[in-house]
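Peer 1: Sharing a structure below in structure tokens format, with a few things to ask.
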Amino acid sequence: MRTLTLFAGLYACLLCCSCGKNNESATERSVNQKLSAVSATAVNANITDYTIYTFSCVAGGKYMEVTGFPTYNEKYDDQRKITQYASSVSDGVIDGWQRWHIIYKTTVNGTRYYHIRNVFSGKLLDVPGGSNVSGTQLQQYFEFPLLSNEQLWSIEPAATTGAFRIINKGSGMALTNAGSSTANGTPITQETAGTGTNQQWILTAREADTYRDDRVVRFFNRNSSSMGSVAFDEGTSIPLSNGKVLWVTQDAWDGASLQPNGKFSCNSFFSYGNSILIQPTAGNWDAASTPNMTRDSSAQGRPKQICDIQPGNSFAWPGPGVEIGNHVYIQCGEGSGLSLSDQSLYDLTENAGTKWQVKRTTPAGMSGQNAINYSSGMVKAADGYVYVFGAQATGFGYTNNVHVARFPISNPQSWTFWNGTAWVSSPVTGDGARITDALGTAAVAYVNGKYVMVTMDQGFNCDNSRNIYTATATSPTGPFSVRKQVYTIKEYLYGNYARYYTPAIHPESVNGRNELLVTYCLNFSACGVEDCVDGYLDPYFYRVKGIRVPYGKIGL
């Protein structure tokens with residue numbers, strides 16, 4: 001899918017990126033001193049569960065971090081080694097690969113054990129293979145489904161005031177700065193526990209922040225040829241009353257297109273223009289348990305394609321949806337190339353299996369107009385209405401007006417539109433009718449008593465602005481608060497910034513931590529870089545990525 005509001009007036013340029021690191025500068029030291037004084041607290045007693053910390057070794061003073069070239073996304077990989085490095089500061093905050101969540105997991109014989117999770121990658125501090133060998137360099141790895149000793153750590157006060165020893169449950173060995181080195185890049189290892197300062201760590205608490213949800217990212221790494229949709233964009237979710245969740249995709253590759261190396265041939269093309277996955281529960285992140293929805297008949301003869309591409313068009317891109325009774329209603333934008341020509345509302349009749357009945361409907365007002373694309377969100381409210389949010393592109397795709405329509409829960413075909421003061425029978429464009437403005441693309445959902453908008457910097461240009469923002473309102477017609485930056489996308493396509501788009505909000509995906517799941521997608525392109533390498537396309541760049549944003553950071 002190529003999101004419509006992103007592409008107007010785009011032009012290519014070459015982006016130069018640096019992946020090197022320098023020793024801590026005077027500016028960085030100043031920033032870190034301010035962080036310590038204002039937003040960080042050095043731990044000198046008990047650590048606090050589910051708090052973000054930096055780990056600096058008493059011997060050497062450097063920070064524990066994940067290795068790898070950022071501009072080739074290596075720091076997201078399993079088995080990336082752990083080293084120490086001088087502080088790496090971005091926008092006044094120590095970078096995520098040097099920040100770690102401490103998460104209480106279990107108590108055994110009076111000893112509390114924790115996971116230590118990297119903020120940048122969402123992966124855990126891990127002893128490779130559960131090794132008992134002293135000197136083994138530590139790594140990051142995905143969280144195992146069951147508690148595993150090589151990923152469990154005790155944290156106990158050390159002799160040095162304010163410092164801690166960190167002991168692995170499986171090996172009984174201590175987190176160690178190898179050789180008490182002061183050099184950048186020194187391996188962080190496990191070694192026989194002792195009293196040296198190279199096993200003593202200062203844990204400094206940092207503010208709660210957005211982090212990558214590795215479990216969600218891995219859920220979308222559907223690498224089996226027997227699966228249906230294995231790579232796609234969009235990623236809107238629709239919770240059902242029976243506990244299942246529908247995940248709506250736009251252009252999608254089928255697993256049959258995967259080559260033995262898990263990639264696509266450069267001359268391959270997506271298998272269907274849209275699809276829907278059926279997740280058994282909101283907390284089940286097993287991709288193998290999440291099959292494609294199918295339908296009885298399709299204009300294109302593609303049973304996994306839910307929304308038909310209309311005659312003369314080249315795309316049918318479904319957006320948000322809502323469940324009413326045993327029906328699910330999904331908005332679908334229709335058109336050719338990158339131009340919206342029509343919109344429809346699909347009526348899906350639920351079935352206990354994967355095959356559902358599908359019907360295309362055309363509500364007056366929404367259907368037949370292309371100025372406002374109502375693809376930004378659907379909220380079923382307590383007042384008996386479903387509120388549908390859409391975007392009107394302005395400023396060559398770099399800014400958008402966000403508008404809202406609604407229909408009664410009892411009649412999805414009867415739409416009215418907010419004109420700035422009242423609900424009217426036809427959409428009204430322009431600043432006077434908008435409920436807020438947004439950047440490249442936007443999503444709206446209802447979370448914890450507020451309407452939340454997530455928007456992103458324009459994701460197809462070549463500059464360095466790659467932020468995700470949120471704003472909130474107590475009414476579907478606004479006003480919305482001032483946008484707040486909550487995350488910066490740091491993913492690259494072979495050295496240059498990867499293009500990104502389609503944010504989505506998933507209030508149903510709770511994790512008991514008061515954190516909101518937000519997803520976005522990458523694209524097979526970047527400024528000045530070929531997407532095809534050695535004859536293959538890497539599906540990593542056409543898959544949904546997930547982050548968790550603390551409610552407190554959003555103002556919920």
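We label chains A, B, ... in the order they appear in the structure tokens, count residues from 1 in each chain, and number ligands from 1 in the order shown.
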Produce a table with one row for each residue of segment 437-539 of chain A that has an atom at most 10 Å from any atom of segment 246-266 of chain A, each row naming the nearest atom pair and its distance in Å at one decimal; use only C-alpha atoms; arrange rows by chain and rising residue number; format as a tab-separated table.
Peer 2:
residue	atom	partner	partner_atom	distance
A:Asp531	CA	A:Cys266	CA	8.6
A:Cys532	CA	A:Cys266	CA	5.9
A:Val533	CA	A:Cys266	CA	8.3
A:Asp534	CA	A:Cys266	CA	8.9
A:Gly535	CA	A:Cys266	CA	5.5
A:Tyr536	CA	A:Ser265	CA	4.6
A:Leu537	CA	A:Phe264	CA	5.0
A:Asp538	CA	A:Lys263	CA	5.2
A:Pro539	CA	A:Lys263	CA	6.0
Peer 1: For Thr189 of chain A, please output as a list in words all residues within 7 Å (counting only C-alpha atoms; exclusion window: fewer than 3 positions along the same chain).
Peer 2: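 My reading of the contact set: Gly135, Thr136, Gln137, Leu138, Leu175, Thr176, Asn177 and Ala178 of chain A.
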Peer 1: Would you put the residues from that selection into a file with N, CA and C atoms, as a PDB file, in the first residue's frame?
Peer 2:
ATOM      1  N   GLY A 135      33.665 -15.977  31.555  1.00  0.00           N
ATOM      2  CA  GLY A 135      34.213 -15.207  30.446  1.00  0.00           C
ATOM      3  C   GLY A 135      33.309 -15.161  29.227  1.00  0.00           C
ATOM      4  N   THR A 136      32.188 -15.876  29.263  1.00  0.00           N
ATOM      5  CA  THR A 136      31.260 -15.854  28.137  1.00  0.00           C
ATOM      6  C   THR A 136      30.660 -14.461  27.971  1.00  0.00           C
ATOM      7  N   GLN A 137      30.771 -13.909  26.760  1.00  0.00           N
ATOM      8  CA  GLN A 137      30.188 -12.592  26.520  1.00  0.00           C
ATOM      9  C   GLN A 137      28.669 -12.714  26.442  1.00  0.00           C
ATOM     10  N   LEU A 138      27.979 -11.793  27.071  1.00  0.00           N
ATOM     11  CA  LEU A 138      26.527 -11.813  27.113  1.00  0.00           C
ATOM     12  C   LEU A 138      25.941 -11.272  25.814  1.00  0.00           C
ATOM     13  N   LEU A 175      27.610 -10.303  36.307  1.00  0.00           N
ATOM     14  CA  LEU A 175      27.773  -9.355  35.205  1.00  0.00           C
ATOM     15  C   LEU A 175      29.105  -8.632  35.384  1.00  0.00           C
ATOM     16  N   THR A 176      29.942  -8.663  34.335  1.00  0.00           N
ATOM     17  CA  THR A 176      31.336  -8.250  34.518  1.00  0.00           C
ATOM     18  C   THR A 176      31.825  -7.397  33.362  1.00  0.00           C
ATOM     19  N   ASN A 177      32.570  -6.349  33.710  1.00  0.00           N
ATOM     20  CA  ASN A 177      33.341  -5.575  32.738  1.00  0.00           C
ATOM     21  C   ASN A 177      34.672  -6.302  32.581  1.00  0.00           C
ATOM     22  N   ALA A 178      34.833  -6.978  31.443  1.00  0.00           N
ATOM     23  CA  ALA A 178      35.992  -7.847  31.254  1.00  0.00           C
ATOM     24  C   ALA A 178      37.295  -7.074  31.441  1.00  0.00           C
TER      25      ALA A 178
END
Peer 1: Show which residues sit within 10 Å of Cys521 of chain A, as JSON, numbers by chain. Count only C-alpha atoms, and ignore same-chain residues fewer than 4 positions away.
Peer 2: {"A": [232, 233, 234, 235, 498, 499, 500, 501, 502, 503, 504, 540, 541, 542, 543, 544, 545, 546]}
Peer 1: Could you write out that same residue set with all heavy atoms as a compact mmCIF listing (two decimals), in the first residue's frame?
Peer 2:
# COMPACT_ATOMS: atom_id res chain seq x y z
N PHE A 232 3.22 -7.35 4.77
CA PHE A 232 2.14 -6.43 4.39
C PHE A 232 2.32 -5.12 5.13
O PHE A 232 3.16 -4.99 6.03
CB PHE A 232 0.77 -7.04 4.75
CG PHE A 232 0.74 -7.71 6.10
CD1 PHE A 232 0.60 -6.99 7.27
CD2 PHE A 232 0.88 -9.09 6.18
CE1 PHE A 232 0.59 -7.61 8.50
CE2 PHE A 232 0.88 -9.73 7.41
CZ PHE A 232 0.73 -8.99 8.58
N ASP A 233 1.52 -4.14 4.75
CA ASP A 233 1.47 -2.89 5.50
C ASP A 233 0.08 -2.69 6.07
O ASP A 233 -0.80 -3.53 5.93
CB ASP A 233 1.91 -1.70 4.65
CG ASP A 233 1.21 -1.62 3.31
OD1 ASP A 233 0.16 -2.29 3.14
OD2 ASP A 233 1.68 -0.90 2.43
N GLU A 234 -0.12 -1.57 6.74
CA GLU A 234 -1.33 -1.17 7.46
C GLU A 234 -1.29 -1.71 8.88
O GLU A 234 -0.63 -1.13 9.73
CB GLU A 234 -2.61 -1.61 6.74
CG GLU A 234 -3.91 -1.15 7.42
CD GLU A 234 -4.08 0.36 7.53
OE1 GLU A 234 -3.26 1.11 6.99
OE2 GLU A 234 -5.05 0.79 8.19
N GLY A 235 -2.03 -2.78 9.23
CA GLY A 235 -1.98 -3.32 10.58
C GLY A 235 -3.00 -2.73 11.54
O GLY A 235 -2.74 -2.65 12.74
N ALA A 498 14.82 4.18 6.31
CA ALA A 498 13.71 3.49 5.65
C ALA A 498 12.46 4.36 5.70
O ALA A 498 12.22 5.05 6.68
CB ALA A 498 13.44 2.15 6.34
N ARG A 499 11.69 4.32 4.63
CA ARG A 499 10.42 5.04 4.64
C ARG A 499 9.43 4.31 5.54
O ARG A 499 9.49 3.10 5.70
CB ARG A 499 9.89 5.18 3.22
CG ARG A 499 10.73 6.12 2.36
CD ARG A 499 10.08 6.37 1.01
NE ARG A 499 10.71 7.49 0.33
CZ ARG A 499 11.48 7.41 -0.74
NH1 ARG A 499 11.73 6.22 -1.26
NH2 ARG A 499 12.00 8.47 -1.30
N TYR A 500 8.49 5.07 6.09
CA TYR A 500 7.57 4.50 7.07
C TYR A 500 6.23 5.21 6.96
O TYR A 500 6.12 6.33 6.44
CB TYR A 500 8.12 4.66 8.49
CG TYR A 500 8.36 6.11 8.86
CD1 TYR A 500 7.38 6.85 9.50
CD2 TYR A 500 9.56 6.76 8.54
CE1 TYR A 500 7.58 8.18 9.81
CE2 TYR A 500 9.77 8.08 8.85
CZ TYR A 500 8.77 8.79 9.49
OH TYR A 500 8.97 10.12 9.77
N TYR A 501 5.18 4.55 7.48
CA TYR A 501 3.83 5.12 7.37
C TYR A 501 2.85 4.29 8.20
O TYR A 501 3.24 3.44 8.99
CB TYR A 501 3.37 5.19 5.92
CG TYR A 501 3.49 3.92 5.08
CD1 TYR A 501 4.01 2.73 5.58
CD2 TYR A 501 3.08 3.92 3.75
CE1 TYR A 501 4.12 1.59 4.79
CE2 TYR A 501 3.18 2.78 2.95
CZ TYR A 501 3.71 1.62 3.49
OH TYR A 501 3.81 0.49 2.71
N THR A 502 1.56 4.57 8.03
CA THR A 502 0.41 3.86 8.61
C THR A 502 0.53 3.57 10.11
O THR A 502 0.64 2.42 10.51
CB THR A 502 0.11 2.56 7.85
OG1 THR A 502 1.25 1.70 7.85
CG2 THR A 502 -0.31 2.84 6.43
N PRO A 503 0.48 4.61 10.95
CA PRO A 503 0.38 4.35 12.39
C PRO A 503 -0.98 3.75 12.72
O PRO A 503 -1.98 3.99 12.03
CB PRO A 503 0.53 5.75 13.00
CG PRO A 503 -0.02 6.67 11.96
CD PRO A 503 0.37 6.06 10.64
N ALA A 504 -1.04 2.96 13.76
CA ALA A 504 -2.29 2.39 14.24
C ALA A 504 -2.21 2.25 15.75
O ALA A 504 -1.13 2.05 16.33
CB ALA A 504 -2.57 1.04 13.59
N TYR A 540 11.46 -7.88 6.00
CA TYR A 540 11.53 -7.04 7.20
C TYR A 540 10.97 -5.66 6.93
O TYR A 540 10.36 -5.03 7.80
CB TYR A 540 12.98 -6.94 7.68
CG TYR A 540 13.17 -6.03 8.88
CD1 TYR A 540 13.11 -6.55 10.16
CD2 TYR A 540 13.40 -4.67 8.73
CE1 TYR A 540 13.28 -5.72 11.27
CE2 TYR A 540 13.57 -3.84 9.83
CZ TYR A 540 13.51 -4.37 11.09
OH TYR A 540 13.67 -3.54 12.19
N PHE A 541 11.18 -5.18 5.70
CA PHE A 541 10.78 -3.82 5.35
C PHE A 541 9.36 -3.74 4.82
O PHE A 541 8.98 -2.73 4.22
CB PHE A 541 11.78 -3.25 4.33
CG PHE A 541 13.16 -3.16 4.88
CD1 PHE A 541 14.12 -4.10 4.55
CD2 PHE A 541 13.51 -2.17 5.77
CE1 PHE A 541 15.40 -4.05 5.08
CE2 PHE A 541 14.78 -2.10 6.31
CZ PHE A 541 15.72 -3.03 5.95
N TYR A 542 8.57 -4.76 5.02
CA TYR A 542 7.16 -4.67 4.68
C TYR A 542 6.34 -5.37 5.76
O TYR A 542 5.38 -6.08 5.48
CB TYR A 542 6.90 -5.28 3.30
CG TYR A 542 5.83 -4.55 2.51
CD1 TYR A 542 6.07 -3.29 1.98
CD2 TYR A 542 4.58 -5.11 2.32
CE1 TYR A 542 5.10 -2.61 1.27
CE2 TYR A 542 3.60 -4.44 1.60
CZ TYR A 542 3.88 -3.19 1.08
OH TYR A 542 2.90 -2.52 0.37
N ARG A 543 6.76 -5.12 7.01
CA ARG A 543 6.11 -5.75 8.15
C ARG A 543 5.85 -4.73 9.25
O ARG A 543 6.59 -3.76 9.40
CB ARG A 543 6.93 -6.91 8.68
CG ARG A 543 6.86 -8.14 7.78
CD ARG A 543 7.80 -9.24 8.20
NE ARG A 543 7.53 -10.48 7.46
CZ ARG A 543 8.37 -11.48 7.36
NH1 ARG A 543 9.55 -11.43 7.96
NH2 ARG A 543 8.05 -12.56 6.67
N VAL A 544 4.82 -5.01 10.03
CA VAL A 544 4.40 -4.12 11.11
C VAL A 544 5.42 -4.15 12.25
O VAL A 544 5.93 -5.22 12.61
CB VAL A 544 3.01 -4.55 11.62
CG1 VAL A 544 2.58 -3.74 12.84
CG2 VAL A 544 1.97 -4.42 10.49
N LYS A 545 5.70 -2.99 12.83
CA LYS A 545 6.56 -2.87 14.01
C LYS A 545 5.73 -2.30 15.16
O LYS A 545 4.85 -1.46 14.95
CB LYS A 545 7.75 -1.94 13.73
CG LYS A 545 8.47 -2.19 12.42
CD LYS A 545 9.02 -3.59 12.28
CE LYS A 545 9.65 -3.81 10.91
NZ LYS A 545 9.96 -5.23 10.66
N GLY A 546 6.01 -2.77 16.38
CA GLY A 546 5.22 -2.36 17.53
C GLY A 546 6.05 -1.68 18.59
O GLY A 546 7.19 -2.07 18.87
Peer 1: Between atom CA of Tyr494 of chain A and atom CA of Tyr72 of chain A, what is the distance, to one decimal in Å?
Peer 2: 5.6 Å
Peer 1: At a cut-off of 9 Å, using only C-alpha atoms, what residues contact Gly170 of chain A? Leave out same-chain residues fewer than 6 positions from it and give the result as a list in words.
Peer 2: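 In the requested form, the answer reads Val127, Gly130, Ser131, Asn132, Ser148, Asn149, Glu150, Gln151, Leu152 and Trp153 of chain A.
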Peer 1: Pick from A:His403, A:Lys244, A:Asn448, A:Val424: nearest to Glu350 of chain A, with only C-alpha atoms counted?
Peer 2: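 Distance minimum relative to Glu350 of chain A lands on A:Lys244.
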Peer 1: Extract, using only C-alpha atoms, all DNA, RNA and protein residues at most 12 Å from segment 420-423 of chain A, discarding same-chain residues fewer than 5 positions from it, and format them as an MDAnalysis selection string.
Peer 2: chainID A and resid 387 402:407 414:415 428:436 476:479
Peer 1: Within 9 Å of Tyr50 of chain A, counting only C-alpha atoms, which residues show up once you throw out same-chain ones fewer than 2 positions away? Write them as a list in words, please.
Peer 2: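 Here the answer would be Thr48, Ile52, His101, Ile102, Ile103, Tyr104 and Arg513 of chain A.
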Peer 1: Restricting the output to C-alpha atoms, write the selected residues as an mmCIF file, in the first residue's frame.
Peer 2:
data_model
loop_
_atom_site.group_PDB
_atom_site.id
_atom_site.type_symbol
_atom_site.label_atom_id
_atom_site.label_comp_id
_atom_site.auth_asym_id
_atom_site.auth_seq_id
_atom_site.Cartn_x
_atom_site.Cartn_y
_atom_site.Cartn_z
ATOM 1 C CA THR A 48 12.300 -0.451 41.701
ATOM 2 C CA ILE A 52 14.261 1.987 33.229
ATOM 3 C CA HIS A 101 13.943 -2.126 31.974
ATOM 4 C CA ILE A 102 14.258 -4.121 35.186
ATOM 5 C CA ILE A 103 11.205 -6.397 35.414
ATOM 6 C CA TYR A 104 10.486 -8.604 38.430
ATOM 7 C CA ARG A 513 1.472 -2.002 32.620
#
